[in-house]
Every structure is written in structure tokens, then in C-alpha cells.
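Pasting run-v5.csv here (CSV, C-alpha atoms):
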chain,number,residue,atom,x,y,z
G,1079,MET,CA,12.8,-17.0,52.1
G,1080,LYS,CA,11.5,-19.1,49.1
G,1081,LYS,CA,8.0,-17.8,49.6
G,1082,LYS,CA,9.3,-14.1,49.6
G,1083,ILE,CA,11.2,-14.7,46.4
G,1084,ALA,CA,8.2,-16.3,44.8
G,1085,ILE,CA,6.0,-13.3,45.8
G,1086,ILE,CA,8.6,-10.9,44.4
G,1087,LEU,CA,8.9,-12.8,41.2
G,1088,GLY,CA,5.1,-12.9,40.9
G,1089,ILE,CA,4.9,-9.2,41.4
G,1090,LEU,CA,7.6,-8.5,38.8
G,1091,LEU,CA,5.8,-10.8,36.4
G,1092,ILE,CA,2.5,-8.9,36.9
G,1093,VAL,CA,4.3,-5.6,36.4
G,1094,PHE,CA,6.0,-6.8,33.3
G,1095,CYS,CA,2.7,-8.1,31.8
G,1096,ILE,CA,1.0,-4.7,32.6
G,1097,ILE,CA,3.9,-2.8,30.9
G,1098,ASP,CA,3.7,-5.2,27.9
G,1099,LEU,CA,-0.1,-4.7,27.6
G,1100,VAL,CA,0.1,-0.9,27.9
G,1101,GLY,CA,3.0,-0.7,25.5
G,1102,ALA,CA,1.4,-3.0,23.0
G,1103,ASN,CA,-1.9,-1.2,23.1
G,1104,TYR,CA,-0.1,2.1,22.6
G,1105,LEU,CA,1.7,0.6,19.6
G,1106,VAL,CA,-1.6,-0.5,18.0
G,1107,THR,CA,-3.1,3.0,18.5
G,1108,TYR,CA,0.1,4.7,17.2
G,1109,ALA,CA,0.4,2.4,14.2
G,1110,ILE,CA,-3.1,1.7,12.9
G,1111,ALA,CA,-5.6,4.0,14.6
G,1112,ARG,CA,-6.9,6.6,12.1
G,1113,LYS,CA,-4.5,9.6,11.7
G,1114,ASP,CA,-5.1,13.3,11.1
G,1115,GLY,CA,-2.7,14.2,8.3
G,1116,VAL,CA,0.4,12.4,7.2
G,1117,HIS,CA,2.2,10.3,9.9
G,1118,SER,CA,5.6,11.2,8.6
G,1119,GLU,CA,7.7,10.4,11.7
G,1120,VAL,CA,7.3,6.7,11.1
G,1121,ALA,CA,9.9,6.9,8.3
G,1122,PRO,CA,13.6,7.2,9.0
G,1123,ASP,CA,15.5,10.1,7.4
G,1124,SER,CA,15.9,9.6,3.7
G,1125,ILE,CA,19.3,8.4,2.4
G,1126,THR,CA,18.6,9.6,-1.1
G,1127,ALA,CA,21.6,11.4,-2.5
G,1128,ASP,CA,21.3,15.2,-2.9
G,1129,GLU,CA,21.6,15.1,-6.7
G,1130,ALA,CA,18.9,12.5,-7.0
G,1131,GLN,CA,16.6,14.4,-4.5
G,1132,GLN,CA,16.9,17.5,-6.6
G,1133,ILE,CA,15.8,15.6,-9.7
G,1134,ILE,CA,12.9,14.1,-7.8
G,1135,ASP,CA,11.8,17.5,-6.4
G,1136,GLN,CA,11.9,19.0,-9.9
G,1137,ASN,CA,9.9,16.1,-11.4
G,1138,VAL,CA,7.3,16.3,-8.6
G,1139,LYS,CA,6.8,20.0,-9.4
G,1140,LEU,CA,6.5,19.4,-13.1
G,1141,LEU,CA,4.1,16.5,-12.8
G,1142,TYR,CA,1.8,18.4,-10.5
G,1143,GLU,CA,1.8,21.3,-13.0
G,1144,GLU,CA,0.7,18.8,-15.6
G,1145,VAL,CA,-1.9,17.3,-13.3
G,1146,ASP,CA,-3.5,20.7,-12.9
G,1147,ALA,CA,-3.9,21.0,-16.7
G,1148,TRP,CA,-5.0,17.3,-17.1
G,1149,LYS,CA,-7.8,17.6,-14.6
G,1150,ASP,CA,-9.4,20.2,-16.9
G,1151,THR,CA,-9.6,17.6,-19.7
G,1152,VAL,CA,-11.3,14.7,-17.8
G,1153,THR,CA,-14.7,14.2,-16.2
G,1154,THR,CA,-14.3,13.5,-12.5
G,1155,THR,CA,-17.0,11.6,-10.6
G,1156,THR,CA,-17.0,10.9,-6.9
G,1157,MET,CA,-18.1,7.4,-6.3
G,1158,HIS,CA,-19.0,5.4,-3.1
G,1159,ILE,CA,-19.2,1.8,-2.0
G,1160,THR,CA,-20.0,0.2,1.3
G,1161,SER,CA,-17.5,-2.2,2.7
G,1162,ASP,CA,-18.4,-5.6,3.9
G,1163,ASP,CA,-18.2,-4.3,7.5
G,1164,GLY,CA,-20.4,-1.3,6.8
G,1165,LEU,CA,-17.9,1.5,6.1
G,1166,LEU,CA,-18.7,4.2,3.4
G,1167,LEU,CA,-15.6,4.4,1.1
G,1168,GLU,CA,-15.0,7.1,-1.4
G,1169,ALA,CA,-13.1,7.3,-4.7
G,1170,ASP,CA,-12.6,9.6,-7.7
G,1171,TYR,CA,-13.3,8.2,-11.1
G,1172,TYR,CA,-11.6,9.9,-14.1
G,1173,ASP,CA,-13.4,9.5,-17.4
G,1174,SER,CA,-10.8,10.4,-20.0
G,1175,PRO,CA,-11.4,11.3,-23.7
G,1176,GLU,CA,-8.1,9.5,-24.4
G,1177,ALA,CA,-9.5,6.2,-23.1
G,1178,THR,CA,-9.3,3.3,-25.6
G,1179,GLY,CA,-11.0,0.0,-25.5
G,1180,HIS,CA,-12.0,-1.2,-22.0
G,1181,LYS,CA,-8.9,-0.4,-20.0
G,1182,TYR,CA,-9.1,0.6,-16.4
G,1183,ALA,CA,-6.5,1.3,-13.7
G,1184,ILE,CA,-7.2,1.2,-9.9
G,1185,VAL,CA,-4.5,3.3,-8.4
G,1186,VAL,CA,-3.9,2.9,-4.6
G,1187,HIS,CA,-2.2,5.3,-2.2
G,1188,GLY,CA,0.1,4.6,0.8
G,1189,TYR,CA,0.0,4.8,4.6
G,1190,SER,CA,-1.7,7.9,6.1
G,1191,SER,CA,-2.0,9.5,2.7
G,1192,ASN,CA,-5.0,9.8,0.4
G,1193,ARG,CA,-6.1,9.5,-3.2
G,1194,GLY,CA,-4.8,13.0,-4.1
G,1195,SER,CA,-1.2,11.8,-3.7
G,1196,MET,CA,-1.7,9.4,-6.6
G,1197,LEU,CA,-2.7,12.0,-9.2
G,1198,PRO,CA,0.5,11.9,-11.2
G,1199,TYR,CA,0.1,8.1,-11.5
G,1200,GLY,CA,-3.6,8.4,-12.4
G,1201,MET,CA,-2.9,11.1,-15.0
G,1202,THR,CA,-0.3,9.0,-16.7
G,1203,TYR,CA,-2.6,6.0,-16.9
G,1204,SER,CA,-5.4,8.3,-18.2
G,1205,ASN,CA,-3.1,9.7,-20.9
G,1206,ALA,CA,-2.2,6.2,-21.9
G,1207,GLY,CA,-5.9,5.4,-22.6
G,1208,TYR,CA,-7.1,4.0,-19.3
G,1209,GLN,CA,-10.1,5.0,-17.3
G,1210,VAL,CA,-8.8,5.6,-13.7
G,1211,LEU,CA,-10.3,4.9,-10.3
G,1212,MET,CA,-8.5,6.3,-7.3
G,1213,PRO,CA,-9.9,5.3,-3.9
G,1214,ASP,CA,-9.3,6.6,-0.4
G,1215,LEU,CA,-8.5,3.5,1.6
G,1216,ARG,CA,-10.5,2.9,4.8
G,1217,ALA,CA,-9.5,5.2,7.6
G,1218,HIS,CA,-7.9,7.6,5.0
G,1219,GLY,CA,-9.1,10.7,3.3
G,1220,ASN,CA,-12.9,10.8,2.9
G,1221,SER,CA,-13.4,7.1,3.6
G,1222,GLU,CA,-14.8,6.0,6.9
G,1223,GLY,CA,-13.0,3.7,9.3
G,1224,ASP,CA,-11.2,3.9,12.7
G,1225,TYR,CA,-8.4,1.6,11.9
G,1226,ILE,CA,-5.9,1.4,9.0
G,1227,GLY,CA,-6.1,-1.9,7.2
G,1228,MET,CA,-2.4,-2.1,6.2
G,1229,GLY,CA,-3.7,-3.7,3.0
G,1230,TRP,CA,-5.2,-6.8,4.7
G,1231,LEU,CA,-8.6,-5.3,5.3
G,1232,ASP,CA,-8.3,-3.2,2.2
G,1233,LYS,CA,-8.0,-6.2,-0.2
G,1234,ALA,CA,-11.7,-6.9,0.3
G,1235,ASP,CA,-12.5,-3.2,-0.4
G,1236,ILE,CA,-10.5,-3.3,-3.6
G,1237,VAL,CA,-12.4,-6.4,-4.7
G,1238,LYS,CA,-15.6,-4.3,-4.3
G,1239,TRP,CA,-14.2,-1.5,-6.4
G,1240,ILE,CA,-13.3,-4.1,-9.0
G,1241,ASP,CA,-16.9,-5.3,-9.0
G,1242,THR,CA,-18.1,-1.7,-9.3
G,1243,ILE,CA,-16.1,-1.2,-12.5
G,1244,ILE,CA,-17.3,-4.5,-13.9
G,1245,GLU,CA,-20.9,-3.5,-13.3
G,1246,MET,CA,-20.2,-0.3,-15.3
G,1247,ASP,CA,-18.4,-2.2,-18.0
G,1248,PRO,CA,-18.6,-6.0,-18.1
G,1249,GLU,CA,-15.7,-6.1,-20.7
G,1250,ALA,CA,-13.4,-4.1,-18.4
G,1251,GLN,CA,-9.7,-5.0,-18.4
G,1252,ILE,CA,-8.5,-3.9,-15.0
G,1253,ILE,CA,-5.0,-3.4,-13.6
G,1254,LEU,CA,-4.1,-2.6,-10.0
G,1255,HIS,CA,-1.2,-0.2,-9.2
G,1256,GLY,CA,-0.3,0.6,-5.6
G,1257,VAL,CA,2.6,2.4,-3.9
G,1258,SER,CA,4.0,1.6,-0.4
G,1259,MET,CA,1.0,0.4,1.6
G,1260,GLY,CA,-0.9,0.6,-1.6
G,1261,GLY,CA,1.6,-1.7,-3.1
G,1262,ALA,CA,1.1,-4.2,-0.3
G,1263,THR,CA,-2.7,-3.8,-0.8
G,1264,VAL,CA,-2.6,-4.8,-4.4
G,1265,LEU,CA,-0.2,-7.7,-3.7
G,1266,MET,CA,-2.6,-8.9,-0.9
G,1267,THR,CA,-5.5,-8.5,-3.4
G,1268,SER,CA,-3.6,-10.6,-6.0
G,1269,GLY,CA,-4.1,-13.7,-3.9
G,1270,GLU,CA,-7.8,-13.4,-3.7
G,1271,ASP,CA,-10.3,-15.1,-6.0
G,1272,LEU,CA,-10.6,-12.4,-8.6
G,1273,PRO,CA,-12.7,-12.1,-11.8
G,1274,ASP,CA,-10.9,-12.6,-15.1
G,1275,ASN,CA,-11.3,-8.9,-15.8
G,1276,VAL,CA,-8.3,-8.3,-13.6
G,1277,LYS,CA,-5.3,-8.6,-15.8
G,1278,ALA,CA,-2.2,-7.6,-13.9
G,1279,ILE,CA,-0.7,-6.0,-10.8
G,1280,VAL,CA,1.9,-3.2,-10.4
G,1281,ASP,CA,3.6,-3.1,-7.1
G,1282,ASP,CA,5.8,-0.1,-6.1
G,1283,CYS,CA,7.7,-0.5,-2.8
G,1284,GLY,CA,5.1,-2.7,-1.1
G,1285,TYR,CA,6.2,-4.6,2.0
G,1286,THR,CA,6.3,-8.4,2.5
G,1287,SER,CA,4.0,-8.5,5.5
G,1288,VAL,CA,2.7,-6.2,8.3
G,1289,TRP,CA,4.7,-8.2,10.8
G,1290,ASP,CA,7.9,-7.5,8.9
G,1291,ILE,CA,7.3,-3.8,8.5
G,1292,PHE,CA,6.2,-3.3,12.1
G,1293,SER,CA,9.2,-5.3,13.3
G,1294,ASP,CA,11.4,-2.7,11.7
G,1295,GLU,CA,9.3,0.1,13.1
G,1296,VAL,CA,9.4,-1.2,16.7
G,1297,VAL,CA,13.2,-1.2,16.7
G,1298,TYR,CA,13.6,2.1,14.9
G,1299,LEU,CA,10.9,4.2,16.7
G,1300,PHE,CA,10.9,2.7,20.2
G,1301,HIS,CA,14.3,1.0,20.5
G,1302,VAL,CA,12.9,-2.2,22.0
G,1303,PRO,CA,13.0,-5.8,20.8
G,1304,THR,CA,10.0,-7.1,18.9
G,1305,PHE,CA,9.3,-9.8,21.5
G,1306,PRO,CA,7.0,-9.7,23.4
G,1307,VAL,CA,5.5,-6.3,22.6
G,1308,LEU,CA,4.8,-6.9,18.9
G,1309,ASN,CA,3.3,-10.3,19.6
G,1310,THR,CA,1.0,-8.8,22.2
G,1311,ALA,CA,0.2,-5.9,19.8
G,1312,SER,CA,-0.7,-8.3,17.1
G,1313,MET,CA,-3.3,-10.0,19.4
G,1314,ILE,CA,-4.7,-6.6,20.5
G,1315,ALA,CA,-4.9,-5.5,16.8
G,1316,LYS,CA,-7.0,-8.7,16.1
G,1317,ILE,CA,-9.4,-7.6,18.9
G,1318,ARG,CA,-9.5,-3.9,18.1
G,1319,ALA,CA,-9.1,-3.8,14.3
G,1320,GLY,CA,-10.1,-7.3,13.1
G,1321,TYR,CA,-6.8,-8.6,11.9
G,1322,SER,CA,-3.4,-9.7,13.4
G,1323,PHE,CA,-0.1,-8.5,12.2
G,1324,THR,CA,1.0,-12.1,11.7
G,1325,GLU,CA,-1.8,-13.0,9.3
G,1326,ALA,CA,-1.5,-9.9,7.1
G,1327,SER,CA,1.1,-11.2,4.6
G,1328,ALA,CA,1.6,-9.9,1.1
G,1329,ILE,CA,4.2,-12.6,0.4
G,1330,GLU,CA,1.8,-15.4,1.2
G,1331,GLN,CA,-0.9,-13.9,-1.0
G,1332,VAL,CA,1.6,-13.5,-3.9
G,1333,LYS,CA,2.4,-17.2,-3.6
G,1334,LYS,CA,-1.2,-17.9,-4.5
G,1335,THR,CA,-1.6,-15.4,-7.3
G,1336,SER,CA,-2.4,-16.3,-10.9
G,1337,LEU,CA,-1.8,-12.8,-12.1
G,1338,PRO,CA,1.3,-11.3,-13.7
G,1339,ILE,CA,3.1,-8.8,-11.4
G,1340,PHE,CA,5.4,-5.9,-12.1
G,1341,PHE,CA,7.6,-5.2,-9.1
G,1342,SER,CA,9.3,-1.8,-8.6
G,1343,HIS,CA,11.4,-0.5,-5.7
G,1344,GLY,CA,14.0,2.2,-5.0
G,1345,SER,CA,17.5,1.0,-4.3
G,1346,GLU,CA,17.9,3.5,-1.5
G,1347,ASP,CA,14.6,2.6,0.3
G,1348,ASN,CA,15.4,2.5,4.0
G,1349,PHE,CA,11.8,2.4,5.1
G,1350,VAL,CA,10.4,-0.6,3.3
G,1351,HIS,CA,13.8,-2.1,2.8
G,1352,THR,CA,14.7,-2.9,-0.8
G,1353,ASP,CA,15.4,-6.6,0.2
G,1354,MET,CA,11.7,-7.0,0.5
G,1355,VAL,CA,11.1,-6.7,-3.2
G,1356,TYR,CA,13.5,-9.5,-4.0
G,1357,GLU,CA,11.6,-11.8,-1.5
G,1358,LEU,CA,8.3,-10.9,-3.1
G,1359,TYR,CA,9.6,-11.3,-6.7
G,1360,ASP,CA,11.1,-14.7,-5.8
G,1361,ALA,CA,7.7,-15.8,-4.2
G,1362,CYS,CA,5.7,-14.9,-7.3
G,1363,PRO,CA,4.9,-18.0,-9.4
G,1364,THR,CA,3.6,-16.2,-12.5
G,1365,ASP,CA,4.9,-13.9,-15.2
G,1366,LYS,CA,6.8,-11.1,-13.5
G,1367,GLU,CA,9.3,-8.3,-13.9
G,1368,LEU,CA,11.6,-6.6,-11.4
G,1369,TYR,CA,12.7,-2.9,-11.8
G,1370,VAL,CA,14.9,-1.6,-9.0
G,1371,VAL,CA,15.4,2.1,-9.6
G,1372,GLU,CA,19.0,3.1,-8.7
G,1373,GLY,CA,19.2,6.1,-6.4
G,1374,ALA,CA,15.5,6.2,-5.5
G,1375,GLY,CA,14.3,6.2,-1.9
G,1376,HIS,CA,10.9,5.1,-0.6
G,1377,GLY,CA,8.1,6.0,-3.0
G,1378,GLN,CA,10.5,7.8,-5.3
G,1379,ALA,CA,10.9,5.2,-8.1
G,1380,MET,CA,8.5,7.0,-10.4
G,1381,TYR,CA,9.6,10.5,-9.6
G,1382,LEU,CA,13.3,9.9,-10.3
G,1383,ASP,CA,12.7,8.9,-13.9
G,1384,PRO,CA,9.0,9.0,-14.8
G,1385,GLU,CA,9.5,8.3,-18.5
G,1386,THR,CA,11.5,5.1,-18.0
G,1387,TYR,CA,9.3,4.0,-15.0
G,1388,PHE,CA,6.1,4.1,-17.0
G,1389,SER,CA,7.6,2.9,-20.3
G,1390,ARG,CA,8.7,-0.3,-18.6
G,1391,ILE,CA,5.3,-0.7,-16.9
G,1392,PHE,CA,3.3,-0.1,-20.1
G,1393,THR,CA,5.5,-2.5,-22.0
G,1394,PHE,CA,4.9,-5.2,-19.4
G,1395,LEU,CA,1.1,-4.5,-19.3
G,1396,SER,CA,0.8,-4.6,-23.1
G,1397,ALA,CA,1.0,-8.4,-23.1
G,1398,TYR,CA,-2.1,-8.6,-20.9
G,1399,VAL,CA,-4.2,-5.5,-21.6
G,1400,LYS,CA,-5.3,-4.9,-25.1
Could you render the structure as C-alpha cells?
Amino acid sequence: MKKKIAIILGILLIVFCIIDLVGANYLVTYAIARKDGVHSEVAPDSITADEAQQIIDQNVKLLYEEVDAWKDTVTTTTMHITSDDGLLLEADYYDSPEATGHKYAIVVHGYSSNRGSMLPYGMTYSNAGYQVLMPDLRAHGNSEGDYIGMGWLDKADIVKWIDTIIEMDPEAQIILHGVSMGGATVLMTSGEDLPDNVKAIVDDCGYTSVWDIFSDEVVYLFHVPTFPVLNTASMIAKIRAGYSFTEASAIEQVKKTSLPIFFSHGSEDNFVHTDMVYELYDACPTDKELYVVEGAGHGQAMYLDPETYFSRIFTFLSAYVK
């Protein structure tokens, strides 16, 4: 009888391990394999109030109308770099007649999006006197790559874009501005050994770590506990994509930074939960500012009140970029 029980338990354990491996591998493919188009189902239904959403929709419409006119006033150049692991990465560089001094902004998009989604941000920096570089992150847009870096692999790519700007202009004063995964990307970059040309970081709704954001997603999308599937998925991601979910931490990078950081988030963000920005802000050891936009959902902070959003950012940056 004991032998039969041991055999049954052994079989059940093998079946459990197979299910765990299959599920974890599926999760890695679902979460970080390259996507065709926007992977919108990962986000829960917005809880933004109807009145706020109407303002946001109107501002989006107006801003993109302005973008169409702005693009006729700047010279746009498509640029390329090769990542350390051999991927061809693409960006648009906007040379503005309004640019003053040696100011540059690298503007970084979010998960399963592309550089085009950041045009209103790039336009605003351009109108404020910045030259603007807007990259497609690896496995997005026109950049190569089979796996999304979630900011962790992308931080080395952003460093190469920084070096590219400095080669063009050794006196460059560079700021990094990212939204959502782009926010996590610039926060992760902030903890790297960066040249003095990089002056400040602007994070908009970035997450604390890949583990934290995927923990929420596993529960929300698949209705299963994080253990053991996420632990196994993290190990599989290390094999398939070159990084684990546990190591990819924006908050640990922020703890190491020497750069001033402006943190922004929507109060109604139920995707990258608003609590995360408070953790990131508290972890930052440098000059910092926190701006939580009341009523805004995920990625909506700028669109609810663009004038106040950028007024606060430019006031913050004026102490570091001349």
C-alpha cells in the first residue's frame, strides 16, 4: 500500500511539474515574446471617470492635430544603432529650429507600443528648445528583437543612444523621459554608470519591478497564484530572453542613481498601481519631485492636463538643464 501511494504521489508530482513548465513557458511567450500590434488585453478596464476621460480624449485629439503641424516644422532623420547583442534598433531624431543650447530629450514609449505613440511628448520637448530622439525599443516598431526587454535589456540600448547623441554633440545635456514600460526603462537606466551629459530623468507611471508587475498580471489574467508558475517563468525567461523577472528591478536601480528624478503617475492607475510610484519616490536618494495627477488612469497623466504636466516638468528640469 505504501509503495502504491508513493507511486501515485510521484505521478502527481510529475504531472504537476509538467503543468507548471507548460504554463510558465506559455506565460513567457504571452508576456515578453514580440507582439504584432498593441497587446491591450493585458490591462484591466480603466476606472477613469467619464468626465475625466472626455477631457483626455479631447486633449489627445488636439495634441495630435498639433503634432501634424509640428512635423512640418522639424527635420526628421531616421537613425540606427546596433545593440550589444547584435540587434538593429531604430529611432527618429527631430532637429528643431526652436532648439536652444545643447538640450536633448530621449523619449521612450511603453509596452507593445512604438515611438509614434510618444509624438505629443516629443513635440512638447521640441517646442521647449530640445532636440528629440524617439527610439523604438527592442522587439517593438521597426527595431529588431524577439523578446521584449521590459526595461531591463533596454537600459543598455538607451545608453548606446545616449552615446550616439554625445558623439553628435559632446556638450549635449540629455534628459530621459519614459511612460509606462518606458518609465521603468529610464528608471532602470538611471542606476547605470552614465556620462555626465545625462542630467535628469522623468518617469511617468513606471513600475517598481518586472516581478511586481507580472505578479499582478498572473492573478488578473490567469486567476492563479504567483507561486510556482511565476518563479518557473522567471527561470525560463532567463534562458529564452536573457533576463529573469526577479533581477529586472527599477526600484533597485533607482536606489543607486545619482540623477534627479521627476516622478509622475495617475491617481486612478489600476494597471501599474499608483502605490508603486510612492515606493519608487521613497527609494530615490537624490533630488526628486512627485506629481500624482488626480483622476488620471494609466498613461493618462499628461493628457488630462498637458499644460500643468509639462509646466511642472520643465520647472524641475530648469535646475539641471541650462
Neighbour list for segment 1290-1294 of chain G as a PDB file with C-alpha atoms, in the coordinates of the input, cut-off 9 Å, all atoms listed in the file, skip fewer than 3 positions in-chain:
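File produced: selection-v7.pdb:
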ATOM      1  CA  ALA G1109       0.400   2.400  14.200  1.00  0.00           C
ATOM      2  CA  TYR G1285       6.200  -4.600   2.000  1.00  0.00           C
ATOM      3  CA  THR G1286       6.300  -8.400   2.500  1.00  0.00           C
ATOM      4  CA  SER G1287       4.000  -8.500   5.500  1.00  0.00           C
ATOM      5  CA  VAL G1297      13.200  -1.200  16.700  1.00  0.00           C
ATOM      6  CA  TYR G1298      13.600   2.100  14.900  1.00  0.00           C
ATOM      7  CA  LEU G1299      10.900   4.200  16.700  1.00  0.00           C
ATOM      8  CA  PRO G1303      13.000  -5.800  20.800  1.00  0.00           C
ATOM      9  CA  THR G1304      10.000  -7.100  18.900  1.00  0.00           C
ATOM     10  CA  LEU G1308       4.800  -6.900  18.900  1.00  0.00           C
ATOM     11  CA  PHE G1323      -0.100  -8.500  12.200  1.00  0.00           C
ATOM     12  CA  THR G1324       1.000 -12.100  11.700  1.00  0.00           C
ATOM     13  CA  SER G1327       1.100 -11.200   4.600  1.00  0.00           C
ATOM     14  CA  PHE G1349      11.800   2.400   5.100  1.00  0.00           C
ATOM     15  CA  VAL G1350      10.400  -0.600   3.300  1.00  0.00           C
ATOM     16  CA  HIS G1351      13.800  -2.100   2.800  1.00  0.00           C
TER      17      HIS G1351
END
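Summary of the local environment: counting only C-alpha atoms, residues at most 10 Å from Ser1312 of chain G, other than itself and those fewer than 3 positions away along its chain, are Ala1102, Asn1103, Leu1105, Val1106, Val1288, Trp1289, Phe1292, Val1307, Leu1308, Asn1309, Ala1315, Lys1316, Ile1317, Arg1318, Ala1319, Tyr1321, Ser1322, Phe1323, Thr1324 and Glu1325 of chain G.
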- Could you work out how far atom CA of Leu1337 of chain G lies from atom CA of Ile1159 of chain G, giving the answer in Å with one decimal?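 Separation between atom CA of Ile1159 of chain G and atom CA of Leu1337 of chain G: 24.9 Å.
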Set out as CSV a contact list for segment 1335-1400 of chain G and segment 1187-1198 of chain G with a cut-off of 10 Å, giving each residue of segment 1335-1400 of chain G that qualifies its closest atom pair and distance in Å to one decimal, counting all atoms listed in the file, ordered by chain and rising residue number.
residue,atom,partner,partner_atom,distance
G:Gly1377,CA,G:Gly1188,CA,9.0
G:Met1380,CA,G:Pro1198,CA,9.4
G:Tyr1381,CA,G:Pro1198,CA,9.3
G:Pro1384,CA,G:Pro1198,CA,9.7
Save the residues we just selected, C-alpha atoms, as a CSV table (one decimal), in the frame of the given file?
chain,number,residue,atom,x,y,z
G,1377,GLY,CA,8.1,6.0,-3.0
G,1380,MET,CA,8.5,7.0,-10.4
G,1381,TYR,CA,9.6,10.5,-9.6
G,1384,PRO,CA,9.0,9.0,-14.8
- Closest to Tyr1225 of chain G among G:Ile1339, G:Leu1165, G:Val1257, G:Ala1130, using all atoms listed in the file?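 Closest to Tyr1225 of chain G of all the choices is G:Leu1165.
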- Query: Could you name the residues that touch Asp1353 of chain G at 10 Å or less, counting all atoms listed in the file, but leaving out those on the same chain fewer than 5 positions away, as a list in words?
  - Reply: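 After dropping sequence-adjacent residues, the list is Tyr1285, Thr1286, His1343, Ser1345, Asp1347, Asn1348 and Leu1358 of chain G.
For the set G:Asp1241, G:Glu1144, G:Asp1214, G:Asp1281, the residue with the smallest atom-to-atom gap to Thr1156 of chain G is G:Asp1214, counting all atoms listed in the file.
Near Cys1283 of chain G, within a cut-off of 9 Å and counting all atoms listed in the file, sit the residues Gly1256, Val1257, Ser1258, Met1259, Gly1260, Gly1261, Ala1262, Phe1341, Ser1342, His1343, Gly1344, Asp1347, Val1350, His1351, Thr1352, Met1354, Val1355, His1376, Gly1377 and Ala1379 of chain G, with same-chain residues fewer than 3 positions away left out.
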For the selection just defined, write its residues with C-alpha atoms to a file, as a compact mmCIF listing (two decimals), in the frame of the given file.
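Saved to again-v4.txt:
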# COMPACT_ATOMS: atom_id res chain seq x y z
CA GLY G 1256 -0.30 0.60 -5.60
CA VAL G 1257 2.60 2.40 -3.90
CA SER G 1258 4.00 1.60 -0.40
CA MET G 1259 1.00 0.40 1.60
CA GLY G 1260 -0.90 0.60 -1.60
CA GLY G 1261 1.60 -1.70 -3.10
CA ALA G 1262 1.10 -4.20 -0.30
CA PHE G 1341 7.60 -5.20 -9.10
CA SER G 1342 9.30 -1.80 -8.60
CA HIS G 1343 11.40 -0.50 -5.70
CA GLY G 1344 14.00 2.20 -5.00
CA ASP G 1347 14.60 2.60 0.30
CA VAL G 1350 10.40 -0.60 3.30
CA HIS G 1351 13.80 -2.10 2.80
CA THR G 1352 14.70 -2.90 -0.80
CA MET G 1354 11.70 -7.00 0.50
CA VAL G 1355 11.10 -6.70 -3.20
CA HIS G 1376 10.90 5.10 -0.60
CA GLY G 1377 8.10 6.00 -3.00
CA ALA G 1379 10.90 5.20 -8.10
